[in-house]
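Student: Got a structure for you, my_file.cif, holding mmCIF, C-alpha atoms.
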```cif
data_target
loop_
_atom_site.label_atom_id
_atom_site.label_comp_id
_atom_site.auth_asym_id
_atom_site.auth_seq_id
_atom_site.Cartn_x
_atom_site.Cartn_y
_atom_site.Cartn_z
CA MET A 236 19.81 80.83 106.77
CA THR A 237 19.39 83.30 109.59
CA ARG A 238 17.90 80.59 111.72
CA PHE A 239 20.88 78.30 111.10
CA LEU A 240 23.29 81.06 112.02
CA ALA A 241 21.43 82.00 115.18
CA LEU A 242 21.55 78.60 116.83
CA PRO A 243 25.36 78.26 116.98
CA LEU A 244 25.56 81.82 118.29
CA ILE A 245 23.13 81.05 121.10
CA LEU A 246 25.07 77.91 121.96
CA ALA A 247 28.36 79.79 121.89
CA ALA A 248 27.04 82.52 124.18
CA ALA A 249 25.72 79.96 126.66
CA ALA A 250 29.13 78.32 126.84
CA VAL A 251 30.85 81.52 127.98
CA PRO A 252 31.37 81.37 131.76
CA ALA A 253 29.18 83.67 133.82
CA LEU A 254 32.08 85.95 134.74
CA ALA A 255 31.53 89.66 134.61
CA GLN A 256 35.20 90.43 133.83
CA ASP A 257 34.41 94.11 133.96
CA THR A 258 37.63 95.15 135.65
CA SER A 259 41.29 94.32 136.17
CA PRO A 260 43.69 94.39 139.13
CA ALA A 261 45.14 97.67 137.84
CA GLN A 262 41.71 99.26 137.42
CA LEU A 263 40.62 98.12 140.88
CA ARG A 264 43.80 99.51 142.40
CA SER A 265 43.41 102.90 140.74
CA GLY A 266 39.72 103.04 141.67
CA TYR A 267 40.45 102.40 145.35
CA GLU A 268 43.39 104.83 145.22
CA ALA A 269 41.14 107.53 143.83
CA GLU A 270 38.60 106.83 146.56
CA SER A 271 41.17 106.99 149.36
CA GLY A 272 43.26 109.79 147.91
CA ALA A 273 46.52 107.94 148.57
CA ALA A 274 48.85 105.72 146.54
CA ALA A 275 48.57 101.98 147.29
CA ASP A 276 51.26 100.43 149.46
CA PRO A 277 51.72 96.71 148.66
CA ALA A 278 53.89 96.13 151.74
CA ALA A 279 51.15 97.53 153.96
CA GLY A 280 48.70 95.26 152.16
CA LYS A 281 50.88 92.26 152.93
CA ALA A 282 51.20 93.20 156.61
CA PHE A 283 47.44 93.75 156.86
CA PHE A 284 46.71 90.41 155.16
CA LEU A 285 49.07 88.44 157.40
CA ALA A 286 48.13 90.17 160.67
CA GLU A 287 45.89 88.81 163.40
CA HIS A 288 43.02 91.24 163.90
CA SER A 289 40.51 91.72 166.66
CA GLY A 290 36.96 92.99 166.50
CA GLY A 291 35.74 90.39 164.06
CA LYS A 292 34.35 86.92 164.54
CA PRO A 293 36.47 84.67 166.77
CA GLU A 294 36.52 81.92 164.13
CA THR A 295 38.28 84.15 161.58
CA PRO A 296 40.95 86.35 163.20
CA SER A 297 42.98 86.80 160.00
CA CYS A 298 42.82 86.63 156.21
CA VAL A 299 45.25 83.73 156.45
CA THR A 300 42.77 81.70 158.53
CA CYS A 301 41.30 80.57 155.21
CA HIS A 302 43.56 81.94 152.46
CA THR A 303 46.96 80.84 153.91
CA SER A 304 49.92 83.22 153.93
CA ASP A 305 50.78 82.54 150.27
CA PRO A 306 48.29 84.11 147.84
CA ARG A 307 49.67 81.92 145.06
CA ALA A 308 48.54 78.82 146.93
CA ALA A 309 45.02 77.50 147.32
CA GLY A 310 43.40 78.06 150.69
CA GLN A 311 40.77 76.13 152.55
CA ALA A 312 37.49 77.36 154.00
CA ARG A 313 36.66 76.29 157.55
CA THR A 314 34.23 73.85 155.95
CA GLY A 315 37.07 71.97 154.24
CA LYS A 316 36.30 73.37 150.78
CA THR A 317 39.22 74.55 148.65
CA ILE A 318 39.55 78.29 147.99
CA GLU A 319 41.30 79.05 144.71
CA PRO A 320 44.42 81.26 144.95
CA LEU A 321 43.92 85.01 145.36
CA ALA A 322 46.94 86.15 143.34
CA PRO A 323 46.01 86.81 139.69
CA ALA A 324 49.38 85.30 138.73
CA ALA A 325 48.12 81.95 140.00
CA ASN A 326 44.43 82.42 139.22
CA PRO A 327 43.70 84.77 136.28
CA GLU A 328 39.98 85.01 137.19
CA ARG A 329 40.80 86.90 140.39
CA LEU A 330 40.19 90.63 140.58
CA THR A 331 38.34 90.77 137.27
CA ASP A 332 34.76 91.05 138.54
CA SER A 333 34.05 94.21 140.50
CA ALA A 334 30.80 92.96 142.06
CA LYS A 335 32.53 89.82 143.28
CA VAL A 336 35.47 91.77 144.71
CA GLU A 337 33.15 94.10 146.60
CA LYS A 338 30.97 91.22 147.80
CA TRP A 339 33.93 89.36 149.30
CA PHE A 340 35.64 92.43 150.75
CA GLY A 341 32.29 93.25 152.37
CA ARG A 342 31.84 89.81 153.88
CA ASN A 343 35.40 89.00 154.80
CA CYS A 344 36.43 92.37 156.24
CA ASN A 345 33.40 92.12 158.49
CA SER A 346 34.25 88.53 159.46
CA VAL A 347 37.88 89.34 160.24
CA LEU A 348 37.73 92.96 161.45
CA GLY A 349 34.12 93.47 162.44
CA ARG A 350 33.92 96.43 160.05
CA ASP A 351 34.25 97.36 156.39
CA CYS A 352 37.75 97.74 154.99
CA THR A 353 38.69 101.27 153.99
CA ALA A 354 39.42 102.14 150.37
CA ALA A 355 43.11 102.50 151.33
CA GLU A 356 43.18 99.00 152.83
CA LYS A 357 41.54 97.56 149.72
CA ALA A 358 44.01 99.38 147.46
CA ASN A 359 46.92 98.01 149.48
CA ILE A 360 45.66 94.41 149.39
CA VAL A 361 44.87 94.52 145.68
CA ALA A 362 48.33 95.99 144.99
CA TRP A 363 50.01 93.25 147.03
CA LEU A 364 47.99 90.41 145.44
CA ALA A 365 48.77 91.78 141.97
CA SER A 366 52.49 92.04 142.76
CA PHE A 367 53.14 88.31 142.47
CA MET B 505 -10.09 52.66 166.42
CA ILE B 506 -8.12 50.77 163.81
CA ARG B 507 -9.15 53.28 161.26
CA ARG B 508 -7.96 56.14 163.40
CA PHE B 509 -4.65 54.38 164.00
CA THR B 510 -4.22 53.87 160.28
CA LEU B 511 -4.83 57.53 159.66
CA ILE B 512 -2.15 58.50 162.16
CA LEU B 513 0.28 56.11 160.52
CA ALA B 514 -0.53 57.50 157.10
CA LEU B 515 0.09 61.01 158.34
CA ALA B 516 3.25 60.11 160.15
CA PHE B 517 5.05 58.00 157.61
CA PRO B 518 5.26 59.84 154.31
CA ALA B 519 7.05 62.74 155.93
CA ALA B 520 9.08 60.80 158.45
CA PRO B 521 12.30 59.55 156.86
CA VAL B 522 14.62 62.25 155.67
CA LEU B 523 16.69 59.95 153.54
CA ALA B 524 14.93 57.07 151.91
CA ASP B 525 16.59 53.67 151.76
CA ASP B 526 18.45 54.63 148.61
CA ASP B 527 20.22 57.48 150.43
CA TYR B 528 19.11 59.94 147.77
CA MET B 529 18.14 63.56 148.47
CA PRO B 530 17.32 65.74 145.45
CA PRO B 531 20.21 68.17 144.89
CA VAL B 532 19.83 71.93 144.56
CA THR B 533 18.58 72.80 141.08
CA HIS B 534 18.02 76.53 141.55
CA PRO B 535 20.89 78.44 139.86
CA ALA B 536 21.35 81.24 142.42
CA THR B 537 21.17 78.80 145.33
CA ALA B 538 23.67 76.45 143.71
CA GLU B 539 26.02 79.32 142.87
CA GLU B 540 25.94 81.26 146.14
CA CYS B 541 25.69 78.44 148.66
CA SER B 542 28.47 76.45 147.04
CA ALA B 543 30.99 79.28 147.39
CA CYS B 544 32.12 77.98 150.80
CA HIS B 545 30.52 74.55 151.09
CA MET B 546 28.43 72.19 149.06
CA ALA B 547 24.97 73.62 148.32
CA TYR B 548 23.06 71.44 150.76
CA PRO B 549 19.77 70.01 149.50
CA ALA B 550 16.76 71.97 150.72
CA GLY B 551 15.09 68.76 151.86
CA PHE B 552 17.51 68.30 154.74
CA LEU B 553 15.92 71.05 156.86
CA PRO B 554 12.39 72.30 157.54
CA ALA B 555 11.22 75.66 156.18
CA ARG B 556 11.59 77.42 159.54
CA SER B 557 15.27 76.46 159.63
CA TRP B 558 15.95 77.88 156.17
CA GLN B 559 14.14 81.06 157.16
CA ALA B 560 16.30 81.40 160.27
CA ILE B 561 19.51 80.75 158.33
CA MET B 562 18.67 83.07 155.45
CA GLY B 563 17.55 85.75 157.91
CA ASN B 564 20.93 85.88 159.64
CA LEU B 565 23.56 85.64 156.91
CA GLU B 566 25.68 88.25 158.71
CA ASN B 567 26.40 85.57 161.31
CA HIS B 568 26.58 82.43 159.25
CA PHE B 569 28.29 79.86 161.46
CA GLY B 570 31.16 82.20 162.31
CA GLU B 571 31.34 84.11 159.03
CA ASP B 572 29.60 86.93 157.27
CA ALA B 573 27.82 85.51 154.22
CA ARG B 574 25.70 88.53 153.28
CA LEU B 575 24.00 88.68 149.89
CA ASP B 576 22.18 91.46 148.08
CA GLU B 577 18.53 91.44 149.14
CA ALA B 578 17.10 90.26 145.81
CA THR B 579 19.40 87.21 145.70
CA ARG B 580 18.89 86.48 149.39
CA ALA B 581 15.09 86.51 149.06
CA GLU B 582 15.17 84.39 145.90
CA ILE B 583 17.33 81.73 147.58
CA GLU B 584 15.20 81.70 150.72
CA ALA B 585 12.05 81.22 148.64
CA TYR B 586 13.61 78.25 146.83
CA LEU B 587 14.85 76.61 150.03
CA VAL B 588 11.54 77.12 151.83
CA SER B 589 9.47 75.71 149.00
CA ASN B 590 11.68 72.61 148.78
CA ALA B 591 12.18 72.14 152.52
CA ALA B 592 11.51 68.97 154.49
CA PRO B 593 7.89 68.76 155.68
CA ARG B 594 9.21 67.09 158.80
CA VAL B 595 12.57 65.85 160.02
CA ARG B 596 12.93 62.57 161.89
CA GLY B 597 13.51 63.17 165.60
CA VAL B 598 13.02 66.94 165.41
CA ALA B 599 10.06 68.52 167.22
CA GLU B 600 7.82 70.91 165.32
CA THR B 601 8.82 73.59 167.81
CA ALA B 602 12.56 73.15 167.28
CA THR B 603 14.48 75.08 164.63
CA PRO B 604 17.71 73.20 163.89
CA LEU B 605 20.35 75.28 162.12
CA ARG B 606 22.96 72.63 161.40
CA ILE B 607 22.18 69.57 159.32
CA SER B 608 25.10 67.92 161.10
CA GLU B 609 23.28 68.18 164.43
CA LEU B 610 20.08 66.47 163.34
CA PRO B 611 19.54 63.27 165.32
CA TRP B 612 19.62 60.97 162.28
CA PHE B 613 22.78 62.66 160.99
CA LYS B 614 24.62 62.24 164.27
CA ARG B 615 23.53 58.65 164.55
CA GLU B 616 24.66 57.84 161.00
CA HIS B 617 28.03 59.56 161.34
CA GLU B 618 29.07 58.91 164.93
CA ARG B 619 29.64 55.24 164.45
CA GLU B 620 31.02 55.31 160.93
CA VAL B 621 33.34 58.30 160.71
CA SER B 622 36.86 57.62 161.92
CA ALA B 623 39.27 60.27 163.18
CA ARG B 624 41.28 59.88 160.00
CA MET B 625 38.20 60.45 157.83
CA MET B 626 37.41 63.61 159.83
CA GLU B 627 40.95 64.86 159.39
CA ARG B 628 40.68 64.43 155.64
CA ALA B 629 37.25 66.07 155.42
CA LYS B 630 38.17 68.80 157.91
CA SER B 631 34.54 69.31 158.92
CA MET B 632 31.11 67.72 158.73
CA SER B 633 30.28 70.43 156.19
CA ASN B 634 32.37 68.62 153.62
CA CYS B 635 29.97 65.91 152.40
CA VAL B 636 31.91 65.17 149.21
CA ALA B 637 35.04 64.19 151.12
CA CYS B 638 33.37 60.83 151.77
CA HIS B 639 30.13 60.83 149.76
CA LYS B 640 31.46 61.15 146.22
CA GLY B 641 28.00 61.51 144.72
CA ALA B 642 26.75 64.09 147.23
CA GLU B 643 26.51 66.93 144.74
CA ARG B 644 24.26 64.74 142.60
CA GLY B 645 22.15 63.86 145.62
CA TYR B 646 23.63 60.47 146.46
CA PHE B 647 24.77 60.03 150.04
CA GLU B 648 25.40 56.32 150.11
CA ASP B 649 28.30 55.00 152.16
CA ASP B 650 31.55 54.55 150.33
#
```
Rewrite the structure of this file - the entire thing - as structure tokens.

Tutor:
Amino acid sequence: MTRFLALPLILAAAAVPALAQDTSPAQLRSGYEAESGAAADPAAGKAFFLAEHSGGKPETPSCVTCHTSDPRAAGQARTGKTIEPLAPAANPERLTDSAKVEKWFGRNCNSVLGRDCTAAEKANIVAWLASF
Amino acid sequence: MIRRFTLILALAFPAAPVLADDDYMPPVTHPATAEECSACHMAYPAGFLPARSWQAIMGNLENHFGEDARLDEATRAEIEAYLVSNAAPRVRGVAETATPLRISELPWFKREHEREVSARMMERAKSMSNCVACHKGAERGYFEDD
């Protein structure tokens, strides 16, 4: 009996997508706010996201190079591959996996700015993306 | 003399063609490689490049063709080991001393694509990184012409 019960459980567990889902946009925002010591400013996040930056790699001067200026829309990597929307309203998987969020902030801030983003910048961007 | 010539042929041929006549190249089967490399482009089969190329690419992920593609060290090392152990023993037209970084700049690749890819096809694909734009079976290892 136990053996019969165990097999469907194993199959069910394997079918669950490999998403950590250990956080939420609100949790991320409050975590970055606590780290920076300031309240998030969605408008500043928008301006930062849309701006052309210098100091990073010439191929990627802005977030919108790949993500487009509308976070509800799909973007396109320089390779031609589709990037799913960043706004949780359009893509519920976004901002639910803290390791993934940190991995991509780490890579993309360096590509665009040539440095890490500050906690305040991350708080602002998360707040703006979650505002849609 | 004939025997020596035969030996050279035997050594040269098995490794020579990158794609066999059936245009099949075994796809990536390693989970971390498939997952991480396909974030921005198709996870290219390890057999398209020699081991030294994969080592160079995986050793400079901070500058990955114009983007930062850093990974945690454990994942990076695991992916490099997979790519190196499934790499091409030799690539047609590439000297043993050369370390190509782009599959799209290998001599056979350029030859195959220069004459067949129209401007409109390039516009649709956006870049030579986008195999599946034209090769519908690319992710399963099939690169036949459509």

Student: In the coordinate frame of the file, compute which residues have an atom within 6 Å of (42.1, 99.9, 144.6) when using only C-alpha atoms, and state them as a list in words.

Tutor: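 Taken together, the residues in range are Leu263, Arg264, Ser265, Gly266, Tyr267, Glu268, Lys357 and Ala358 of chain A.
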
Student: Would you tabulate, counting all atoms listed in the file, all residues of chain B that have an atom at most 10 Å from an atom of chain A, showing the closest pair of atoms and their distance in Å to one decimal, sorted by chain then ascending number, as JSON lines?

Tutor:
```
{"residue": "B:Ser542", "atom": "CA", "partner": "A:Lys316", "partner_atom": "CA", "distance": 9.2}
{"residue": "B:Ala543", "atom": "CA", "partner": "A:Ile318", "partner_atom": "CA", "distance": 8.6}
{"residue": "B:Cys544", "atom": "CA", "partner": "A:Lys316", "partner_atom": "CA", "distance": 6.2}
{"residue": "B:His545", "atom": "CA", "partner": "A:Lys316", "partner_atom": "CA", "distance": 5.9}
{"residue": "B:Met546", "atom": "CA", "partner": "A:Lys316", "partner_atom": "CA", "distance": 8.1}
{"residue": "B:Leu565", "atom": "CA", "partner": "A:Arg342", "partner_atom": "CA", "distance": 9.8}
{"residue": "B:Glu566", "atom": "CA", "partner": "A:Arg342", "partner_atom": "CA", "distance": 8.0}
{"residue": "B:Asn567", "atom": "CA", "partner": "A:Ser346", "partner_atom": "CA", "distance": 8.6}
{"residue": "B:His568", "atom": "CA", "partner": "A:Ser346", "partner_atom": "CA", "distance": 9.8}
{"residue": "B:Phe569", "atom": "CA", "partner": "A:Glu294", "partner_atom": "CA", "distance": 8.9}
{"residue": "B:Gly570", "atom": "CA", "partner": "A:Glu294", "partner_atom": "CA", "distance": 5.7}
{"residue": "B:Glu571", "atom": "CA", "partner": "A:Ser346", "partner_atom": "CA", "distance": 5.3}
{"residue": "B:Asp572", "atom": "CA", "partner": "A:Arg342", "partner_atom": "CA", "distance": 5.0}
{"residue": "B:Ala573", "atom": "CA", "partner": "A:Arg342", "partner_atom": "CA", "distance": 5.9}
{"residue": "B:Arg574", "atom": "CA", "partner": "A:Arg342", "partner_atom": "CA", "distance": 6.3}
{"residue": "B:Leu575", "atom": "CA", "partner": "A:Lys338", "partner_atom": "CA", "distance": 7.7}
{"residue": "B:Asp576", "atom": "CA", "partner": "A:Lys338", "partner_atom": "CA", "distance": 8.8}
{"residue": "B:Glu627", "atom": "CA", "partner": "A:Gly315", "partner_atom": "CA", "distance": 9.6}
{"residue": "B:Arg628", "atom": "CA", "partner": "A:Gly315", "partner_atom": "CA", "distance": 8.5}
{"residue": "B:Ala629", "atom": "CA", "partner": "A:Gly315", "partner_atom": "CA", "distance": 6.0}
{"residue": "B:Lys630", "atom": "CA", "partner": "A:Gly315", "partner_atom": "CA", "distance": 5.0}
{"residue": "B:Ser631", "atom": "CA", "partner": "A:Thr314", "partner_atom": "CA", "distance": 5.4}
{"residue": "B:Met632", "atom": "CA", "partner": "A:Thr314", "partner_atom": "CA", "distance": 7.4}
{"residue": "B:Ser633", "atom": "CA", "partner": "A:Thr314", "partner_atom": "CA", "distance": 5.2}
{"residue": "B:Asn634", "atom": "CA", "partner": "A:Gly315", "partner_atom": "CA", "distance": 5.8}
{"residue": "B:Cys635", "atom": "CA", "partner": "A:Gly315", "partner_atom": "CA", "distance": 9.5}
{"residue": "B:Val636", "atom": "CA", "partner": "A:Lys316", "partner_atom": "CA", "distance": 9.4}
{"residue": "B:Ala637", "atom": "CA", "partner": "A:Gly315", "partner_atom": "CA", "distance": 8.6}
```

Student: For the selection you just gave me, I'd like the residues written to a file as a short mmCIF file (atom, residue, chain, number, x, y, z; two decimals), in the frame of the given file, keeping C-alpha atoms.

Tutor:
```
data_model
loop_
_atom_site.label_atom_id
_atom_site.label_comp_id
_atom_site.auth_asym_id
_atom_site.auth_seq_id
_atom_site.Cartn_x
_atom_site.Cartn_y
_atom_site.Cartn_z
CA SER B 542 28.47 76.45 147.04
CA ALA B 543 30.99 79.28 147.39
CA CYS B 544 32.12 77.98 150.80
CA HIS B 545 30.52 74.55 151.09
CA MET B 546 28.43 72.19 149.06
CA LEU B 565 23.56 85.64 156.91
CA GLU B 566 25.68 88.25 158.71
CA ASN B 567 26.40 85.57 161.31
CA HIS B 568 26.58 82.43 159.25
CA PHE B 569 28.29 79.86 161.46
CA GLY B 570 31.16 82.20 162.31
CA GLU B 571 31.34 84.11 159.03
CA ASP B 572 29.60 86.93 157.27
CA ALA B 573 27.82 85.51 154.22
CA ARG B 574 25.70 88.53 153.28
CA LEU B 575 24.00 88.68 149.89
CA ASP B 576 22.18 91.46 148.08
CA GLU B 627 40.95 64.86 159.39
CA ARG B 628 40.68 64.43 155.64
CA ALA B 629 37.25 66.07 155.42
CA LYS B 630 38.17 68.80 157.91
CA SER B 631 34.54 69.31 158.92
CA MET B 632 31.11 67.72 158.73
CA SER B 633 30.28 70.43 156.19
CA ASN B 634 32.37 68.62 153.62
CA CYS B 635 29.97 65.91 152.40
CA VAL B 636 31.91 65.17 149.21
CA ALA B 637 35.04 64.19 151.12
#
```

Student: Could you tell me how far CA of Thr258 (chain A) lies from CA of Ala274 (chain A), in Å and to one decimal?

Tutor: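 Distance reported for this atom pair: 18.9 Å.
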
Student: Tell me, as a VMD selection string, which residues lie within 12 Å of Arg580 (chain B), counting only C-alpha atoms; anything in the same chain fewer than 4 positions away does not count.

Tutor: chain B and resid 536 to 537 540 to 541 558 to 559 561 to 566 573 to 576 584 to 587

Student: Given the file shown, determine the residues that the PyMOL selection byres ((chain A and resi 257) around 8) selects; report them as an MDAnalysis selection string.

Tutor: chainID A and resid 255:256 258:259 331:333

Student: Got a sec to resolve the PyMOL selection byres ((chain A and resi 284) around 12) on this structure and send the residues as a PyMOL selection string?

Tutor: chain A and resi 277-283+285-288+296-306+321+343-344+347-348+352+356-357+359-364

Student: Provide the CA of Glu648 (chain B) to CA of Val598 (chain B) distance in Å, to one decimal place.

Tutor: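 A separation of 22.4 Å between them.
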
Student: Once the PyMOL selection byres ((chain B and resi 608) around 12) has been evaluated on this model, what residues remain selected, and can you format them as JSON, numbers by chain?

Tutor: {"B": [548, 552, 553, 604, 605, 606, 607, 609, 610, 611, 612, 613, 614, 615, 616, 617, 618, 631, 632, 633, 634, 635]}

Student: Determine the nearest neighbour of Ala365 (chain A) from the options A:Pro323, A:Gly272, A:Gly310, A:Gly290, counting all atoms listed in the file.

Tutor: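 Nearest to Ala365 (chain A): A:Pro323.
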
Student: Rounded to one decimal in Å, what is the spacing between CA of Val595 (chain B) and CA of Glu643 (chain B)?

Tutor: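 Interatomic distance here is 20.7 Å.
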
Student: Which residues are near His639 (chain B)? Cut-off 8 Å, all atoms listed in the file, ignore same chain within fewer than 5 positions. Put them as an MDAnalysis selection string.

Tutor: chainID B and resid 646:650

Student: Is there a way to complete region 298-321 of chain A with N, CA, C and O atoms and then write that out as a compact mmCIF listing (two decimals), in the frame of the given file?

Tutor:
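Writing done, so here's out_16.txt:
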```txt
# COMPACT_ATOMS: atom_id res chain seq x y z
N CYS A 298 43.04 87.06 157.60
CA CYS A 298 42.82 86.63 156.21
C CYS A 298 43.40 85.25 156.00
O CYS A 298 42.87 84.43 155.25
N VAL A 299 44.56 84.99 156.68
CA VAL A 299 45.25 83.73 156.45
C VAL A 299 44.55 82.54 157.11
O VAL A 299 44.91 81.39 156.84
N THR A 300 43.54 82.81 157.95
CA THR A 300 42.77 81.70 158.53
C THR A 300 42.27 80.77 157.41
O THR A 300 42.32 79.55 157.55
N CYS A 301 41.82 81.37 156.32
CA CYS A 301 41.30 80.57 155.21
C CYS A 301 42.18 80.62 153.96
O CYS A 301 42.24 79.66 153.21
N HIS A 302 42.84 81.77 153.73
CA HIS A 302 43.56 81.94 152.46
C HIS A 302 45.01 81.47 152.53
O HIS A 302 45.67 81.45 151.49
N THR A 303 45.54 81.14 153.67
CA THR A 303 46.96 80.84 153.91
C THR A 303 47.80 82.09 153.66
O THR A 303 47.32 83.08 153.13
N SER A 304 49.08 82.03 154.04
CA SER A 304 49.92 83.22 153.93
C SER A 304 50.52 83.38 152.53
O SER A 304 51.22 84.35 152.27
N ASP A 305 50.25 82.43 151.64
CA ASP A 305 50.78 82.54 150.27
C ASP A 305 49.62 82.69 149.29
O ASP A 305 48.94 81.71 148.98
N PRO A 306 49.42 83.89 148.76
CA PRO A 306 48.29 84.11 147.84
C PRO A 306 48.38 83.33 146.53
O PRO A 306 47.41 83.27 145.78
N ARG A 307 49.56 82.74 146.28
CA ARG A 307 49.67 81.92 145.06
C ARG A 307 49.19 80.49 145.30
O ARG A 307 49.05 79.70 144.38
N ALA A 308 48.98 80.17 146.57
CA ALA A 308 48.54 78.82 146.93
C ALA A 308 47.03 78.81 147.16
O ALA A 308 46.43 79.83 147.48
N ALA A 309 46.44 77.64 147.01
CA ALA A 309 45.02 77.50 147.32
C ALA A 309 44.84 77.53 148.84
O ALA A 309 45.72 77.07 149.58
N GLY A 310 43.74 78.07 149.27
CA GLY A 310 43.40 78.06 150.69
C GLY A 310 42.32 77.02 150.95
O GLY A 310 41.98 76.21 150.08
N GLN A 311 41.82 77.07 152.18
CA GLN A 311 40.77 76.13 152.55
C GLN A 311 39.78 76.82 153.49
O GLN A 311 40.18 77.36 154.53
N ALA A 312 38.52 76.81 153.11
CA ALA A 312 37.49 77.36 154.00
C ALA A 312 37.40 76.49 155.24
O ALA A 312 37.86 75.35 155.26
N ARG A 313 36.81 77.04 156.30
CA ARG A 313 36.66 76.29 157.55
C ARG A 313 35.81 75.04 157.34
O ARG A 313 35.82 74.12 158.14
N THR A 314 35.06 75.01 156.27
CA THR A 314 34.23 73.85 155.95
C THR A 314 35.03 72.71 155.34
O THR A 314 34.51 71.61 155.17
N GLY A 315 36.29 72.99 154.94
CA GLY A 315 37.07 71.97 154.24
C GLY A 315 37.13 72.20 152.74
O GLY A 315 37.90 71.54 152.04
N LYS A 316 36.33 73.14 152.23
CA LYS A 316 36.30 73.37 150.78
C LYS A 316 37.51 74.20 150.34
O LYS A 316 37.92 75.14 151.02
N THR A 317 38.07 73.84 149.20
CA THR A 317 39.22 74.55 148.65
C THR A 317 38.83 75.97 148.21
O THR A 317 37.77 76.17 147.64
N ILE A 318 39.72 76.92 148.49
CA ILE A 318 39.55 78.29 147.99
C ILE A 318 40.66 78.52 146.96
O ILE A 318 41.84 78.36 147.28
N GLU A 319 40.30 78.85 145.76
CA GLU A 319 41.30 79.05 144.71
C GLU A 319 42.22 80.21 145.08
O GLU A 319 41.81 81.11 145.83
N PRO A 320 43.46 80.21 144.58
CA PRO A 320 44.42 81.26 144.95
C PRO A 320 43.89 82.67 144.68
O PRO A 320 43.11 82.89 143.76
N LEU A 321 44.35 83.61 145.50
CA LEU A 321 43.92 85.01 145.36
C LEU A 321 44.78 85.78 144.37
O LEU A 321 44.34 86.77 143.80
```
